[in-house]
Amino acid sequence: HSILAGNYFIEISFIGFENKIIKDILINDQKDLKTIGDISLTPKAIEGIEITVIDDVPVIEFETDKLVYTPSKDILATGGSAEDVLNNVPMVLVDQEGSVTLKGSSNVKILVNGRENRIGEGGNDVDNIPASMIEQVEVITSPSAKYDPEGMAGIINIILKKDKDEGFNGEIKLFTKSNEYHDFAEMGGLSFSTNYKKNKFNIYSSYSNNIIYRDRDGLREAYTTYIVPEPSSGLSADATESNNIKYTSVTNKKKKNQVFRFGSDYYLNDKLTLNLEGRYNSYSASEKKEETIILPEFEEKSHEEAEPKGNHEYGISLSSDKIYDNPDQELSLFYSYDKHPVDKEYDIIVEDSHRDTTFIDNKYISQEGKLFYAYPLNEKSKLELGYDFNQTYNREIMNYFLHVHHEDEDEDAHIEGVNKYNYKRNIHGAFLEYSIELSEKLSLKQGIRLEHVDKNINFNGTPEHWYCGEQEFDSYTECYNICESTENTCQLTNNPTDELGAYAQILQENNNMDLDNNYWSIYPSFHATYNLSKKRSIQFAISSRVERPGGGHHGGSRQIRPFPREIHSHYFMFLGNPLLKPAYSTNYELSYKSPIPMGFFYTNVYYNNVRDKIEWYSDNSYQDFDVLTFKNADKAKSYGAEWFFMIMGQTLGGGLWYNDIQDGTDDAELNLINQGMNIYGKINLPEKYIKYFGLELGFYYMKMKDDYGSMFGKGGTIWANTGITKSLLKQKLQISLKVDNIFNS
């Protein structure tokens with residue numbers, strides 16, 4: 001268009017900037033227009049009325065190497081624990097005993113806020129974590145080199161809430177439960193969380209008080225045949241002896257715990273945040289068990305086990321996170337210290353007129369530290385590196401008294417004393433990862449992790465009595481001085497073939513143990529992602545994992561403790577193996593994810609190759625006893641597949657697995673196959689759809705079998721739950737009702 005000659009001005013405006021006017025622009029008749037040059041605008045604060053944006057957080061999201069589950073609208077998890085939340089996460093199962101499995105394996109590393117779980121009895125014990133405190137759950141089935149390699153099946157990271165809303169905010173939950181064993185007045189709890197944020201500070205806290213019951217009936221049968229060769233016939237067996245063990249039990253266990261968290265964020269500026277957090281957990285438990293031994297001799301026994309009031313743990317953590325203008329660049333530091341200064345247990349068994357006792361005093365200390373830095377080399381490549389350490393110390397002092405009754409003798413035989421067990425482990429790891437986007441469709445990530453582990457197992461037993469033949473002594477030295485001049489040897493019982501013989505033999509074999517083990521390990525990883533379209537991709541991953549004997553909080557010591565903790569069964573005992581080697585695994589996984597009409601689909605297939613597989617093992621070297629321990633098999637191979645759909649917010653999925661354990665011997669327990677399958681589904685209809693209330697239905701089907709038989713019956717077992725919820729007072733109050741295990745499976 002032609003512009004008439006004259007004097008003009010230009011006004012420039014843009015949202016978020018002040019208007020700018022350029023005056024005295026002269027246009028002559030020749031229309032000789034000249035450039036004005038660069039124009040700078042001044043930013044301006046926008047004033048307006050308050051705007052509230054409300055949207056539902058997706059229940060399931062996929063990130064580069066993990067699945068993220070958000071349970072905020074999960075009715076079935078309301079008022080429960082982390083067990084209830086995990087049971088609704090695709091690919092994860094928590095059975096009725098609280099064991100968490102992934103890919104059909106309980107060898108899972110569970111983290112809380114990215115660090116080892118310290119809340120509860122062991123690393124994989126999550127029933128002390130209230131569901132109301134959980135913000136998200138991350139499932140990492142093929143972890144890269146920057147993650148701790150512990151956990152063959154993968155990693156589950158539970159992220160706890162830390163509200164950051166401006167001003168003062170709070171939430172409170174009150175819940176109660178009832179079942180065929182306990183009414184509403186016996187089970188339930190209270191939890192609340194709150195935060196206050198203003199200027200540079202955010203102060204947050206949470207508290208929960210929980211009462212949990214576990215009730216179960218048990219049956220155990222064992223049949224053992226001993227081959228007794230004649231001395232003159234070499235290895236040929238001329239006679240056999242057999243031993244049948246069969247007993248039933250009814251167990252009622254009550255757990256109480258309180259968890260308190262308090263922390264603060266301090267924002268030095270928009271890009272640097274400091275955090276300080278403290279935790280305190282007090283807990284107690286009581287368990288009553290009625291045991292009836294049917295074979296080899298009929299007996300009735302009453303067990304009373306407890307973790308008395310006063311047991312507690314506390315921890316403190318410090319962290320610093322720095323972000324940069326480039327979101328791919330970040331720096332973080334983290335340190336935590338946790339301690340169980342008081343953790344006591346006792347076990348009292350009453351049988352006829354006899355009373356056996358065990359008193360255990362535990363102490364547990366751990367420290368963790370991490371340094372992580374990510375640096376983008378350019379727009380399509382990034383370097384990540386870091387260092388972490390994990391130090392643990394576990395001390396147990398066990399006072400015990402165990403008797404055995406002889407019908408033909410005036411006095412009962414007994415063994416008593418004090419056992420001291422110490423376990424120390426230090427792990428130092430460093431990793432380097434490099435990721436690059438080769439094209440819009442193909443990206444690669446490769447990494448390597450170097451670790452050094454040093455650990456020490458120390459065991460010392462000080463029994464009260466020693467025997468040289470029929471003579472009794474108060475110390476081993478006194479007994480040895482007498483026995484040295486005879487053909488006898490010092491024993492812990494004057495009748496090594498009775499029920500005390502196995503315990504005495506174990507104590508003599510392992511007393512004054514002091515084992516050191518130091519080793520280096522390398523864990524490479526590789527991930528390749530190919531984008532078939534904008535939202536459809538396929539990924540291939542190789543990861544290296546390990547199962548370290550004795551890992552997973554103080555509960556992991558049962559694998560390596562060289563003396564039984566539960567010594568009051570005359571026919572069955574559990575014994576750790578301090579000589580176990582780490583089991584290493586190379587995992588291969590191919591996964592595919594894609595949108596489908598009104599939802600999305602995910603599936604993966606995997607193959608794991610394991611060296612020195614750690615397996616349960618029956619040690620038959622103790623006659624008249626069924627001794628269960630651990631042993632390394634040569635290798636194992638695992639195959640499996642998982643899948644799930646999510647359509648209009650509803651989930652349907654399942655999986656199957658096949659494990660083949662192989663050993664160079666003909667030992668049946670180290671050469672076996674186990675396999676299983678599961679199917680799960682969940683229907684969630686929010687209140688905004690039904691209008692009157694929200695409705696949720698969930699089910700889980702499982703079938704497992706091995707060379708010895710089937711679990712959950714030949715046809716498998718199905719669990720089902722349902723729940724409804726109603727919002728009141730403009731969604732400030734929510735009431736939920738849940739029915740668990742509808743079929744009483």
# chains A, B, ... in the order shown; residues from 1 in each chain; ligands from 1
call {"tool": "closest_atom_pairs", "arguments": {"of": "segment 253-295 of chain A", "to": "segment 155-168 of chain A", "cutoff": "12 Å", "atoms": "only C-alpha atoms", "output": "JSON lines"}}
result
{"residue": "A:Arg261", "atom": "CA", "partner": "A:Lys162", "partner_atom": "CA", "distance": 9.9}
{"residue": "A:Phe262", "atom": "CA", "partner": "A:Lys162", "partner_atom": "CA", "distance": 9.8}
{"residue": "A:Gly263", "atom": "CA", "partner": "A:Lys162", "partner_atom": "CA", "distance": 8.7}
{"residue": "A:Ser264", "atom": "CA", "partner": "A:Lys162", "partner_atom": "CA", "distance": 9.5}
{"residue": "A:Asp265", "atom": "CA", "partner": "A:Lys164", "partner_atom": "CA", "distance": 9.2}
{"residue": "A:Tyr266", "atom": "CA", "partner": "A:Lys164", "partner_atom": "CA", "distance": 11.6}
{"residue": "A:Tyr267", "atom": "CA", "partner": "A:Lys164", "partner_atom": "CA", "distance": 11.9}
{"residue": "A:Asn275", "atom": "CA", "partner": "A:Lys162", "partner_atom": "CA", "distance": 11.2}
{"residue": "A:Glu277", "atom": "CA", "partner": "A:Lys162", "partner_atom": "CA", "distance": 10.6}
call {"tool": "residues_around", "arguments": {"residues": "Gly315 of chain A", "least_positions_apart": "6", "cutoff": "9 Å", "atoms": "only C-alpha atoms", "output": "list in words"}}
result
Arg118, Glu277, Gly278, Arg279, Tyr280, Asn281, Ser336, Tyr337, Asp338, Lys339 and His340 of chain A
call {"tool": "residues_around", "arguments": {"residues": "Ile718 of chain A", "least_positions_apart": "5", "cutoff": "10 Å", "atoms": "only C-alpha atoms", "output": "list in words"}}
result
Asn678, Ile679, Tyr680, Phe699, Tyr700, Tyr701, Met702, Lys703, Phe712, Asn741, Ile742, Phe743, Asn744 and Ser745 of chain A
call {"tool": "residues_around", "arguments": {"residues": "segment 601-604 of chain A", "least_positions_apart": "4", "cutoff": "6 Å", "atoms": "only C-alpha atoms", "output": "PyMOL selection string"}}
result
chain A and resi 590-594+641-645
call {"tool": "atom_distance", "arguments": {"atom1": "atom CA of Lys289 of chain A", "atom2": "atom CA of Glu304 of chain A"}}
result
6.5 Å
call {"tool": "select_by_dssp", "arguments": {"residues": "segment 90-244 of chain A", "states": "strand (DSSP E)", "output": "VMD selection string"}}
result
chain A and resid 92 to 94 100 to 102 109 to 112 115 to 116 134 to 140 155 to 160 167 to 177 187 to 198 201 to 229 237 to 244
call {"tool": "residues_around", "arguments": {"residues": "segment 410-427 of chain A", "least_positions_apart": "6", "cutoff": "6 Å", "atoms": "only C-alpha atoms", "output": "list in words"}}
result
Phe389, Asn390, Gln391, Thr392, Tyr393, Asn394, Arg395, Glu396, Ile397, Met398, Asn399, Tyr400, Phe401, Leu402, His403, Val404, His452, Val453, Asp454, Lys455, Asn456, Ile457, Asn458, Phe459, Asn460, Gly461, Thr462, Pro463 and Glu464 of chain A
call {"tool": "write_last_selection", "arguments": {"atoms": "C-alpha atoms", "output": "PDB file, in the first residue's frame"}}
result
ATOM      1  CA  PHE A 389      28.884 -44.476  48.985  1.00  0.00           C
ATOM      2  CA  ASN A 390      26.864 -46.681  51.317  1.00  0.00           C
ATOM      3  CA  GLN A 391      28.148 -47.732  54.734  1.00  0.00           C
ATOM      4  CA  THR A 392      26.285 -50.096  57.060  1.00  0.00           C
ATOM      5  CA  TYR A 393      26.983 -51.589  60.473  1.00  0.00           C
ATOM      6  CA  ASN A 394      24.809 -54.218  62.160  1.00  0.00           C
ATOM      7  CA  ARG A 395      25.414 -55.614  65.649  1.00  0.00           C
ATOM      8  CA  GLU A 396      23.335 -58.345  67.310  1.00  0.00           C
ATOM      9  CA  ILE A 397      23.674 -59.750  70.823  1.00  0.00           C
ATOM     10  CA  MET A 398      21.641 -62.903  71.422  1.00  0.00           C
ATOM     11  CA  ASN A 399      21.019 -64.468  74.859  1.00  0.00           C
ATOM     12  CA  TYR A 400      19.435 -67.916  74.593  1.00  0.00           C
ATOM     13  CA  PHE A 401      18.334 -70.916  76.627  1.00  0.00           C
ATOM     14  CA  LEU A 402      17.251 -74.146  74.921  1.00  0.00           C
ATOM     15  CA  HIS A 403      16.364 -77.452  76.567  1.00  0.00           C
ATOM     16  CA  VAL A 404      15.510 -80.990  75.484  1.00  0.00           C
ATOM     17  CA  HIS A 452      34.507 -51.470  45.464  1.00  0.00           C
ATOM     18  CA  VAL A 453      32.966 -53.479  48.308  1.00  0.00           C
ATOM     19  CA  ASP A 454      34.649 -54.386  51.586  1.00  0.00           C
ATOM     20  CA  LYS A 455      32.800 -56.274  54.289  1.00  0.00           C
ATOM     21  CA  ASN A 456      33.465 -58.132  57.505  1.00  0.00           C
ATOM     22  CA  ILE A 457      31.455 -60.863  59.255  1.00  0.00           C
ATOM     23  CA  ASN A 458      32.363 -61.494  62.880  1.00  0.00           C
ATOM     24  CA  PHE A 459      30.696 -64.141  65.060  1.00  0.00           C
ATOM     25  CA  ASN A 460      31.542 -65.185  68.593  1.00  0.00           C
ATOM     26  CA  GLY A 461      29.569 -67.514  70.861  1.00  0.00           C
ATOM     27  CA  THR A 462      30.127 -67.880  74.602  1.00  0.00           C
ATOM     28  CA  PRO A 463      28.119 -70.904  75.807  1.00  0.00           C
ATOM     29  CA  GLU A 464      27.660 -71.378  79.529  1.00  0.00           C
TER      30      GLU A 464
END
call {"tool": "closest_residue", "arguments": {"among": "A:Leu93, A:Ile129, A:Ile134, A:Leu579", "to": "Gln258 of chain A", "atoms": "only C-alpha atoms"}}
result
A:Ile129
call {"tool": "residues_around", "arguments": {"residues": "Phe540 of chain A", "least_positions_apart": "5", "cutoff": "9 Å", "atoms": "only C-alpha atoms", "output": "tab-separated table (two decimals) with N, CA and C atoms, in the first residue's frame"}}
result
chain	number	residue	atom	x	y	z
A	526	PHE	N	23.68	-50.24	28.52
A	526	PHE	CA	23.47	-49.70	27.18
A	526	PHE	C	21.96	-49.61	26.91
A	527	HIS	N	21.51	-48.46	26.40
A	527	HIS	CA	20.11	-48.25	26.04
A	527	HIS	C	20.05	-47.63	24.65
A	528	ALA	N	19.19	-48.17	23.80
A	528	ALA	CA	18.94	-47.61	22.47
A	528	ALA	C	17.44	-47.43	22.28
A	529	THR	N	17.03	-46.21	21.93
A	529	THR	CA	15.61	-45.90	21.73
A	529	THR	C	15.38	-45.47	20.29
A	530	TYR	N	14.39	-46.10	19.65
A	530	TYR	CA	14.04	-45.75	18.27
A	530	TYR	C	12.59	-45.28	18.25
A	588	TYR	N	18.74	-58.38	29.57
A	588	TYR	CA	18.41	-57.87	28.25
A	588	TYR	C	16.90	-57.62	28.20
A	589	GLU	N	16.50	-56.45	27.71
A	589	GLU	CA	15.08	-56.11	27.69
A	589	GLU	C	14.74	-55.36	26.40
A	590	LEU	N	13.63	-55.75	25.78
A	590	LEU	CA	13.11	-55.07	24.60
A	590	LEU	C	11.69	-54.61	24.92
A	591	SER	N	11.44	-53.30	24.89
A	591	SER	CA	10.13	-52.77	25.27
A	591	SER	C	9.53	-51.95	24.13
call {"tool": "select_by_dssp", "arguments": {"residues": "segment 416-651 of chain A", "states": "alpha helix (DSSP H)", "output": "number ranges by chain"}}
result
A: 476-483, 501-510
call {"tool": "atom_distance", "arguments": {"atom1": "atom CA of Asn113 of chain A", "atom2": "atom CA of Tyr606 of chain A"}}
result
27.1 Å
call {"tool": "closest_residue", "arguments": {"among": "A:Pro308, A:Ala541, A:Ala504, A:Ser525", "to": "Phe563 of chain A", "atoms": "only C-alpha atoms"}}
result
A:Ala504
call {"tool": "residues_around", "arguments": {"residues": "Ser544 of chain A", "least_positions_apart": "5", "cutoff": "7 Å", "atoms": "only C-alpha atoms", "output": "PyMOL selection string"}}
result
chain A and resi 149+523-525+585-587
call {"tool": "write_last_selection", "arguments": {"atoms": "all heavy atoms", "output": "mmCIF file, in the first residue's frame"}}
result
data_model
loop_
_atom_site.group_PDB
_atom_site.id
_atom_site.type_symbol
_atom_site.label_atom_id
_atom_site.label_comp_id
_atom_site.auth_asym_id
_atom_site.auth_seq_id
_atom_site.Cartn_x
_atom_site.Cartn_y
_atom_site.Cartn_z
ATOM 1 N N PRO A 149 23.410 -51.036 41.512
ATOM 2 C CA PRO A 149 23.101 -52.263 40.766
ATOM 3 C C PRO A 149 22.414 -53.342 41.583
ATOM 4 O O PRO A 149 22.121 -54.421 41.046
ATOM 5 C CB PRO A 149 24.487 -52.731 40.292
ATOM 6 C CG PRO A 149 25.421 -52.209 41.333
ATOM 7 C CD PRO A 149 24.853 -50.887 41.766
ATOM 8 N N TYR A 523 30.053 -52.629 36.149
ATOM 9 C CA TYR A 523 28.686 -52.787 35.671
ATOM 10 C C TYR A 523 28.456 -51.874 34.448
ATOM 11 O O TYR A 523 28.211 -50.677 34.607
ATOM 12 C CB TYR A 523 27.682 -52.425 36.763
ATOM 13 C CG TYR A 523 27.862 -53.208 38.042
ATOM 14 C CD1 TYR A 523 28.649 -52.708 39.077
ATOM 15 C CD2 TYR A 523 27.258 -54.439 38.217
ATOM 16 C CE1 TYR A 523 28.822 -53.419 40.256
ATOM 17 C CE2 TYR A 523 27.420 -55.163 39.392
ATOM 18 C CZ TYR A 523 28.206 -54.645 40.407
ATOM 19 O OH TYR A 523 28.379 -55.351 41.562
ATOM 20 N N PRO A 524 28.534 -52.423 33.236
ATOM 21 C CA PRO A 524 28.221 -51.608 32.057
ATOM 22 C C PRO A 524 26.713 -51.594 31.782
ATOM 23 O O PRO A 524 25.972 -52.464 32.249
ATOM 24 C CB PRO A 524 28.975 -52.333 30.937
ATOM 25 C CG PRO A 524 29.014 -53.763 31.391
ATOM 26 C CD PRO A 524 29.059 -53.744 32.897
ATOM 27 N N SER A 525 26.258 -50.605 31.013
ATOM 28 C CA SER A 525 24.854 -50.537 30.612
ATOM 29 C C SER A 525 24.765 -49.906 29.230
ATOM 30 O O SER A 525 25.639 -49.133 28.819
ATOM 31 C CB SER A 525 24.024 -49.738 31.619
ATOM 32 O OG SER A 525 24.405 -48.363 31.610
ATOM 33 N N SER A 585 24.152 -60.595 37.338
ATOM 34 C CA SER A 585 23.185 -60.838 36.274
ATOM 35 C C SER A 585 23.395 -59.835 35.143
ATOM 36 O O SER A 585 23.613 -58.647 35.382
ATOM 37 C CB SER A 585 21.761 -60.720 36.813
ATOM 38 O OG SER A 585 20.809 -60.797 35.770
ATOM 39 N N THR A 586 23.298 -60.328 33.900
ATOM 40 C CA THR A 586 23.235 -59.463 32.726
ATOM 41 C C THR A 586 21.818 -59.551 32.179
ATOM 42 O O THR A 586 21.360 -60.642 31.813
ATOM 43 C CB THR A 586 24.246 -59.901 31.653
ATOM 44 O OG1 THR A 586 25.560 -59.906 32.213
ATOM 45 C CG2 THR A 586 24.215 -58.937 30.476
ATOM 46 N N ASN A 587 21.122 -58.416 32.159
ATOM 47 C CA ASN A 587 19.713 -58.379 31.786
ATOM 48 C C ASN A 587 19.542 -57.740 30.410
ATOM 49 O O ASN A 587 20.093 -56.673 30.139
ATOM 50 C CB ASN A 587 18.902 -57.577 32.811
ATOM 51 C CG ASN A 587 18.975 -58.180 34.203
ATOM 52 O OD1 ASN A 587 19.494 -59.275 34.387
ATOM 53 N ND2 ASN A 587 18.434 -57.480 35.176
#
call {"tool": "closest_residue", "arguments": {"among": "A:Leu532, A:Met573, A:Val605, A:Asp666", "to": "Thr141 of chain A", "atoms": "only C-alpha atoms"}}
result
A:Val605
call {"tool": "closest_residue", "arguments": {"among": "A:Glu484, A:Asp514, A:Asp95, A:Glu18", "to": "Leu41 of chain A", "atoms": "only C-alpha atoms"}}
result
A:Glu18
